[in-house]
$ cat query12.tsv   # TSV, C-alpha atoms
chain	number	residue	atom	x	y	z
A	1	MET	CA	-8.69	-45.57	-39.58
A	2	PRO	CA	-6.30	-48.39	-38.67
A	3	VAL	CA	-2.84	-48.02	-37.21
A	4	ARG	CA	-0.76	-51.02	-38.22
A	5	GLY	CA	2.64	-52.31	-37.14
A	6	LEU	CA	1.96	-52.10	-33.39
A	7	ASP	CA	2.01	-55.88	-33.01
A	8	ASP	CA	5.73	-55.73	-33.74
A	9	TYR	CA	6.14	-53.83	-30.45
A	10	ARG	CA	3.51	-55.78	-28.47
A	11	ILE	CA	1.44	-52.69	-27.77
A	12	ARG	CA	-2.01	-51.37	-28.66
A	13	LEU	CA	-2.95	-47.91	-29.87
A	14	ALA	CA	-3.84	-46.78	-26.34
A	15	GLY	CA	-0.41	-47.88	-25.15
A	16	LEU	CA	1.26	-45.96	-27.97
A	17	THR	CA	-0.69	-42.82	-27.05
A	18	ARG	CA	0.49	-43.09	-23.44
A	19	MET	CA	4.09	-42.84	-24.66
A	20	GLY	CA	3.51	-39.10	-25.00
A	21	ALA	CA	6.20	-37.20	-26.90
A	22	ARG	CA	8.28	-40.25	-27.84
A	23	ALA	CA	9.15	-40.04	-31.54
A	24	VAL	CA	7.36	-42.47	-33.85
A	25	SER	CA	8.37	-42.97	-37.48
A	26	PHE	CA	5.62	-44.08	-39.82
A	27	HIS	CA	4.33	-44.12	-43.35
A	28	VAL	CA	0.86	-43.06	-44.37
A	29	GLN	CA	-1.32	-44.49	-47.13
A	30	LEU	CA	-3.45	-41.66	-48.51
A	31	SER	CA	-7.18	-42.17	-49.02
A	32	GLY	CA	-7.16	-41.31	-52.70
A	33	VAL	CA	-10.25	-40.58	-54.80
A	34	PRO	CA	-13.65	-42.30	-54.92
A	35	LEU	CA	-13.65	-44.25	-58.16
A	36	HIS	CA	-17.14	-43.15	-59.22
A	37	LYS	CA	-15.92	-39.55	-59.35
A	38	LEU	CA	-13.20	-40.44	-61.84
A	39	MET	CA	-15.14	-42.78	-64.11
A	40	PRO	CA	-16.87	-40.04	-66.19
A	41	LEU	CA	-13.44	-38.60	-67.08
A	42	PRO	CA	-11.08	-39.77	-69.85
A	43	PRO	CA	-7.97	-41.63	-68.56
A	44	LYS	CA	-5.55	-38.70	-68.82
A	45	GLU	CA	-7.90	-36.43	-66.89
A	46	ARG	CA	-8.36	-39.13	-64.27
A	47	GLY	CA	-4.62	-39.31	-63.79
A	48	ALA	CA	-4.30	-35.54	-63.52
A	49	ARG	CA	-7.11	-35.33	-61.00
A	50	LEU	CA	-5.70	-38.18	-58.97
A	51	ARG	CA	-2.24	-36.59	-58.84
A	52	ALA	CA	-3.75	-33.25	-57.85
A	53	THR	CA	-5.73	-34.94	-55.07
A	54	LEU	CA	-2.65	-36.68	-53.70
A	55	MET	CA	-0.71	-33.40	-53.65
A	56	ARG	CA	-3.66	-31.65	-52.01
A	57	GLN	CA	-3.88	-34.33	-49.33
A	58	LEU	CA	-0.16	-33.95	-48.65
A	59	THR	CA	-0.59	-30.17	-48.29
A	60	SER	CA	-3.52	-30.60	-45.92
A	61	LEU	CA	-1.71	-33.08	-43.68
A	62	THR	CA	1.37	-30.85	-43.62
A	63	ARG	CA	-0.81	-27.96	-42.45
A	64	HIS	CA	-2.39	-29.98	-39.64
A	65	PHE	CA	0.83	-31.71	-38.58
A	66	SER	CA	3.59	-29.20	-39.27
A	67	GLY	CA	6.12	-31.11	-37.20
A	68	ALA	CA	5.68	-34.39	-39.04
A	69	ALA	CA	8.10	-33.49	-41.84
A	70	PHE	CA	6.04	-35.47	-44.36
A	71	ARG	CA	8.00	-36.74	-47.35
A	72	SER	CA	6.22	-37.82	-50.50
A	73	ARG	CA	7.78	-40.80	-52.27
A	74	ASP	CA	7.18	-39.11	-55.62
A	75	LEU	CA	7.41	-35.33	-55.51
A	76	ARG	CA	6.83	-34.94	-59.25
A	77	LYS	CA	3.63	-36.95	-59.70
A	78	GLY	CA	2.44	-37.24	-56.12
A	79	SER	CA	2.69	-40.49	-54.21
A	80	TRP	CA	0.10	-42.59	-52.40
A	81	THR	CA	2.62	-43.03	-49.59
A	82	LEU	CA	4.08	-40.42	-47.25
A	83	ASP	CA	6.82	-40.93	-44.67
A	84	GLY	CA	7.07	-38.89	-41.50
A	85	THR	CA	7.71	-38.69	-37.75
A	86	LEU	CA	5.39	-37.54	-34.97
A	87	PRO	CA	5.10	-37.80	-31.18
A	88	ALA	CA	3.38	-41.03	-30.14
A	89	ASN	CA	0.37	-39.18	-28.73
A	90	GLN	CA	-0.46	-37.70	-32.16
A	91	ILE	CA	-0.55	-40.91	-34.19
A	92	GLN	CA	-4.21	-41.65	-33.43
A	93	ARG	CA	-5.24	-38.14	-34.44
A	94	LEU	CA	-3.32	-38.56	-37.70
A	95	ALA	CA	-5.03	-41.89	-38.42
A	96	LEU	CA	-8.47	-40.28	-38.02
A	97	ARG	CA	-7.84	-37.66	-40.72
A	98	PRO	CA	-10.02	-38.06	-43.86
A	99	GLU	CA	-6.90	-37.87	-46.04
A	100	VAL	CA	-5.53	-41.02	-44.40
A	101	ALA	CA	-6.44	-44.60	-45.35
A	102	GLU	CA	-4.06	-46.18	-42.86
A	103	VAL	CA	-0.89	-45.55	-40.85
A	104	TRP	CA	1.97	-48.03	-40.55
A	105	VAL	CA	4.32	-47.58	-37.59
A	106	SER	CA	7.88	-48.39	-38.68
A	107	ALA	CA	9.92	-47.33	-35.62
A	108	ILE	CA	9.42	-46.14	-32.03
A	109	ALA	CA	12.25	-44.33	-30.31
A	110	GLY	CA	13.73	-46.42	-27.53
A	111	ARG	CA	11.70	-49.53	-28.38
A	112	SER	CA	12.90	-52.55	-30.29
A	113	LYS	CA	10.66	-54.70	-32.43
A	114	TYR	CA	9.62	-57.99	-30.94
A	115	ARG	CA	11.47	-60.83	-32.63
A	116	ARG	CA	8.84	-63.33	-33.57
A	117	PRO	CA	9.78	-66.99	-33.72
A	118	PRO	CA	9.86	-68.32	-37.27
A	119	LYS	CA	6.40	-69.29	-38.44
A	120	ASP	CA	5.68	-71.70	-41.23
A	121	GLY	CA	3.60	-70.48	-44.13
A	122	TRP	CA	2.46	-72.01	-47.40
A	123	PHE	CA	4.59	-71.58	-50.52
A	124	CYS	CA	3.92	-72.76	-54.05
A	125	VAL	CA	7.10	-73.87	-55.80
A	126	TRP	CA	7.13	-73.94	-59.60
A	127	GLY	CA	9.62	-76.52	-60.84
A	128	ILE	CA	10.60	-77.33	-64.42
A	129	VAL	CA	10.90	-81.09	-64.85
A	130	ALA	CA	12.50	-82.73	-67.90
A	131	ILE	CA	11.24	-86.21	-68.76
A	132	HIS	CA	14.45	-88.08	-69.59
A	133	VAL	CA	14.21	-91.26	-71.65
A	134	GLU	CA	17.23	-93.57	-71.74
A	135	GLY	CA	19.23	-93.14	-74.93
A	136	GLN	CA	17.37	-90.09	-76.26
A	137	ARG	CA	19.83	-87.50	-77.55
A	138	SER	CA	17.83	-85.48	-80.10
A	139	GLY	CA	14.33	-84.72	-81.29
A	140	LYS	CA	11.46	-83.50	-79.16
A	141	MET	CA	10.93	-84.31	-75.48
A	142	GLU	CA	8.30	-83.49	-72.90
A	143	VAL	CA	8.84	-81.01	-70.08
A	144	GLU	CA	6.56	-80.67	-67.08
A	145	ASP	CA	5.60	-77.51	-65.21
A	146	ARG	CA	5.15	-78.85	-61.68
A	147	LEU	CA	3.59	-76.68	-58.97
A	148	VAL	CA	4.09	-78.00	-55.43
A	149	LEU	CA	2.65	-76.64	-52.16
A	150	VAL	CA	4.97	-76.79	-49.16
A	151	LYS	CA	5.01	-75.29	-45.67
A	152	ALA	CA	8.20	-73.37	-44.93
A	153	ASN	CA	9.63	-70.34	-43.14
A	154	ASP	CA	10.63	-68.46	-46.27
A	155	VAL	CA	11.41	-68.84	-49.97
A	156	GLN	CA	14.79	-70.51	-49.55
A	157	ASP	CA	13.44	-72.82	-46.86
A	158	ALA	CA	10.66	-73.86	-49.26
A	159	VAL	CA	13.21	-74.75	-51.91
A	160	ASN	CA	15.36	-76.66	-49.42
A	161	ARG	CA	12.46	-78.64	-47.95
A	162	LEU	CA	11.44	-79.90	-51.37
A	163	ARG	CA	14.84	-81.36	-52.28
A	164	PRO	CA	13.98	-84.86	-51.00
A	165	GLU	CA	10.70	-84.73	-52.91
A	166	TRP	CA	12.45	-83.80	-56.18
A	167	GLU	CA	14.90	-86.67	-55.64
A	168	ARG	CA	12.02	-89.10	-55.04
A	169	TYR	CA	10.22	-87.78	-58.10
A	170	ALA	CA	13.29	-88.43	-60.26
A	171	GLU	CA	13.66	-92.12	-59.33
A	172	PRO	CA	13.96	-94.02	-62.65
A	173	TYR	CA	11.47	-96.64	-63.81
A	174	LEU	CA	10.96	-98.75	-66.94
A	175	ASN	CA	8.49	-97.71	-69.61
A	176	PRO	CA	6.47	-100.32	-71.58
A	177	ASN	CA	9.28	-100.48	-74.17
A	178	GLY	CA	11.92	-101.41	-71.59
A	179	TYR	CA	13.67	-98.02	-71.49
A	180	LEU	CA	14.52	-96.22	-68.27
A	181	VAL	CA	12.60	-92.99	-67.68
A	182	ARG	CA	13.07	-90.33	-65.02
A	183	TRP	CA	11.30	-87.05	-64.26
A	184	GLN	CA	14.30	-84.84	-63.45
A	185	LEU	CA	14.09	-81.34	-61.95
A	186	VAL	CA	16.12	-79.01	-64.15
A	187	GLY	CA	15.28	-75.68	-62.53
A	188	ILE	CA	13.07	-73.67	-60.19
A	189	LYS	CA	11.04	-71.15	-62.17
A	190	GLY	CA	9.82	-69.33	-59.10
A	191	VAL	CA	8.34	-69.42	-55.59
A	192	TYR	CA	5.02	-67.83	-54.65
A	193	SER	CA	4.02	-67.06	-51.08
A	194	VAL	CA	0.43	-68.17	-50.46
A	195	TYR	CA	-1.00	-65.46	-48.24
A	196	ASP	CA	-4.44	-66.99	-47.66
A	197	GLU	CA	-3.98	-70.19	-45.68
A	198	ARG	CA	-7.72	-70.87	-45.47
A	199	PHE	CA	-8.10	-73.09	-48.51
A	200	SER	CA	-11.68	-72.67	-49.65
A	201	PRO	CA	-13.78	-74.87	-51.95
A	202	GLN	CA	-14.90	-71.62	-53.59
A	203	GLY	CA	-11.31	-71.00	-54.67
A	204	THR	CA	-7.97	-70.05	-53.13
A	205	GLU	CA	-5.11	-68.51	-55.07
A	206	VAL	CA	-1.94	-70.58	-54.71
A	207	TYR	CA	0.12	-69.10	-57.54
A	208	SER	CA	0.28	-65.88	-59.52
A	209	ARG	CA	2.74	-64.67	-62.15
A	210	LEU	CA	2.66	-61.50	-64.25
A	211	ARG	CA	3.86	-61.54	-67.85
A	212	THR	CA	3.56	-59.37	-70.94
A	213	VAL	CA	1.68	-60.60	-74.00
A	214	LYS	CA	0.35	-59.11	-77.21
A	215	VAL	CA	-3.13	-57.59	-76.90
A	216	LYS	CA	-5.77	-59.71	-78.64
A	217	PRO	CA	-9.60	-59.61	-78.69
A	218	GLY	CA	-10.14	-61.82	-75.67
A	219	TYR	CA	-7.71	-59.73	-73.60
A	220	ARG	CA	-9.14	-56.28	-74.31
A	221	TRP	CA	-10.97	-54.14	-71.79
A	222	ASN	CA	-14.72	-54.58	-72.10
A	223	ASP	CA	-16.47	-51.27	-71.54
A	224	SER	CA	-19.56	-53.10	-70.31
A	225	SER	CA	-17.63	-54.65	-67.40
A	226	PRO	CA	-19.02	-53.49	-64.04
A	227	VAL	CA	-16.75	-51.28	-61.95
A	228	PRO	CA	-17.10	-51.41	-58.15
A	229	ASP	CA	-17.75	-48.08	-56.46
A	230	LYS	CA	-14.73	-47.88	-54.23
A	231	ARG	CA	-11.77	-45.64	-53.70
A	232	LEU	CA	-9.12	-45.78	-56.36
A	233	GLN	CA	-6.04	-47.07	-54.61
A	234	PRO	CA	-2.98	-49.01	-55.69
A	235	THR	CA	-3.31	-52.72	-55.02
A	236	ALA	CA	-0.30	-54.45	-53.56
A	237	HIS	CA	-0.31	-57.96	-54.85
A	238	SER	CA	3.08	-59.21	-53.93
A	239	GLY	CA	4.19	-62.66	-54.68
A	240	ILE	CA	7.32	-64.65	-54.73
A	241	VAL	CA	7.50	-67.05	-57.52
A	242	HIS	CA	9.00	-70.89	-56.78
A	243	THR	CA	5.37	-78.42	-55.35
A	244	PRO	CA	4.13	-83.24	-55.09
A	245	ARG	CA	1.91	-84.70	-57.75
A	246	LEU	CA	1.65	-88.43	-58.37
A	247	LYS	CA	4.27	-89.58	-60.83
A	248	ARG	CA	2.78	-90.52	-64.16
A	249	ARG	CA	4.17	-93.74	-65.48
A	250	ARG	CA	5.27	-93.84	-69.11

$ encode --input "query12.tsv" --output "structure tokens"
Amino acid sequence: MPVRGLDDYRIRLAGLTRMGARAVSFHVQLSGVPLHKLMPLPPKERGARLRATLMRQLTSLTRHFSGAAFRSRDLRKGSWTLDGTLPANQIQRLALRPEVAEVWVSAIAGRSKYRRPPKDGWFCVWGIVAIHVEGQRSGKMEVEDRLVLVKANDVQDAVNRLRPEWERYAEPYLNPNGYLVRWQLVGIKGVYSVYDERFSPQGTEVYSRLRTVKVKPGYRWNDSSPVPDKRLQPTAHSGIVHTPRLKRRR
């Protein structure tokens, strides 16, 4: 099973093992339960079995690595993630345990993390643009949701880099009736970090936002939907929510 986080220290697993008894802090992602074993059960029984499995995996790892001082992140329900500390030469053995999906090294005694130079990544910035028409003070107006891709170091850098673009976008022009119009940014709704930089013609996600809506027929779970036979694990889909399109003349 993989040991992650070593790139931060510019070492490989073999190099970590050669560090001997040096203390290594880490967190472990447990392997969980094969999904096909839970599917025949009703949801509440699935949850109970999953929690029992996570607690059992914690107990097993504690027995095999008594000095690791494993700490579950949820003692009441059982957590997917455990924190602990072991000598460097035991990390590989831990990663090979069937209870372990992966190990993330978070600290190595006496070693500092390598400070990587800032690296640009893609961000999708969601701006709210009000379409101002000269003299309009009441009634209805149009507002644009504008999603812009930009390369930046982080969320704030993405916002800052787009300021000249928003200013260009808001340059006024005359509509066919002789009135001035401008597409004015009124707020940033969010910034989303695009993790897959290999834009594919088959589809690449550039923005994602979670929201709560009322359940309706088209949104309900369809029992005939196929379920992949894989281990039931939490999915980390992190995103930051915060783009130029050709200005549409009015």

$ closest_residue --input "query12.tsv" --among "A:Leu30, A:Val133, A:Pro42, A:Ser66" --to "Thr81 in chain A" --atoms "all atoms listed in the file"
A:Leu30

$ residues_around --input "query12.tsv" --residues "Ala52 in chain A" --least-positions-apart "4" --cutoff "8 Å" --atoms "only C-alpha atoms" --output "PDB file with C-alpha atoms, in the coordinates of the input"
ATOM      1  CA  ALA A  48      -4.300 -35.540 -63.520  1.00  0.00           C
ATOM      2  CA  ARG A  56      -3.660 -31.650 -52.010  1.00  0.00           C
ATOM      3  CA  GLY A  78       2.440 -37.240 -56.120  1.00  0.00           C
TER       4      GLY A  78
END

$ closest_residue --input "query12.tsv" --among "A:Leu149, A:Tyr169, A:Gln92, A:Glu99" --to "Thr59 in chain A" --atoms "all atoms listed in the file"
A:Glu99

$ residues_around --input "query12.tsv" --residues "Ser25 in chain A" --least-positions-apart "2" --cutoff "12 Å" --atoms "all atoms listed in the file" --output "list in words"
Gly5, Leu6, Arg22, Ala23, His27, Val28, Ala68, Ala69, Phe70, Arg71, Leu82, Asp83, Gly84, Thr85, Leu86, Pro87, Ala88, Gln90, Ile91, Val103, Trp104, Val105, Ser106, Ala107, Ile108, Ala109, Gly110 and Arg111 of chain A

$ closest_atom_pairs --input "query12.tsv" --of "range 50-140 of chain A" --to "range 193-211 of chain A" --cutoff "12 Å" --atoms "only C-alpha atoms" --output "JSON lines"
{"residue": "A:Asp120", "atom": "CA", "partner": "A:Glu197", "partner_atom": "CA", "distance": 10.7}
{"residue": "A:Gly121", "atom": "CA", "partner": "A:Val194", "partner_atom": "CA", "distance": 7.4}
{"residue": "A:Trp122", "atom": "CA", "partner": "A:Val194", "partner_atom": "CA", "distance": 5.3}
{"residue": "A:Phe123", "atom": "CA", "partner": "A:Ser193", "partner_atom": "CA", "distance": 4.6}
{"residue": "A:Cys124", "atom": "CA", "partner": "A:Val206", "partner_atom": "CA", "distance": 6.3}
{"residue": "A:Val125", "atom": "CA", "partner": "A:Tyr207", "partner_atom": "CA", "distance": 8.6}
{"residue": "A:Trp126", "atom": "CA", "partner": "A:Tyr207", "partner_atom": "CA", "distance": 8.8}

$ residues_around --input "query12.tsv" --residues "Glu144 in chain A" --least-positions-apart "6" --cutoff "9 Å" --atoms "only C-alpha atoms" --output "PyMOL selection string"
chain A and resi 127-131+183

$ atom_distance --input "query12.tsv" --atom1 "CA of Phe65 in chain A" --atom2 "CA of Arg46 in chain A"
28.3 Å

$ closest_residue --input "query12.tsv" --among "A:Leu96, A:Leu174, A:Leu13, A:Val191" --to "Lys151 in chain A" --atoms "all atoms listed in the file"
A:Val191

$ atom_distance --input "query12.tsv" --atom1 "CA of Asn153 in chain A" --atom2 "CA of Arg12 in chain A"
26.6 Å

$ closest_residue --input "query12.tsv" --among "A:Lys216, A:Lys77, A:Lys189, A:Arg182" --to "Asp145 in chain A" --atoms "only C-alpha atoms"
A:Lys189

$ residues_around --input "query12.tsv" --residues "Lys119 in chain A" --least-positions-apart "3" --cutoff "9 Å" --atoms "all atoms listed in the file" --output "list in words"
Arg116, Ala152, Asn153 and Asp154 of chain A

$ atom_distance --input "query12.tsv" --atom1 "CA of Glu165 in chain A" --atom2 "CA of Arg137 in chain A"
26.4 Å

$ closest_residue --input "query12.tsv" --among "A:Asp157, A:Gly178, A:Pro172, A:Gly32" --to "Ser79 in chain A" --atoms "all atoms listed in the file"
A:Gly32

$ residues_around --input "query12.tsv" --residues "Gln29 in chain A" --least-positions-apart "5" --cutoff "6 Å" --atoms "only C-alpha atoms" --output "ChimeraX atom specification"
/A:80-81,101-102
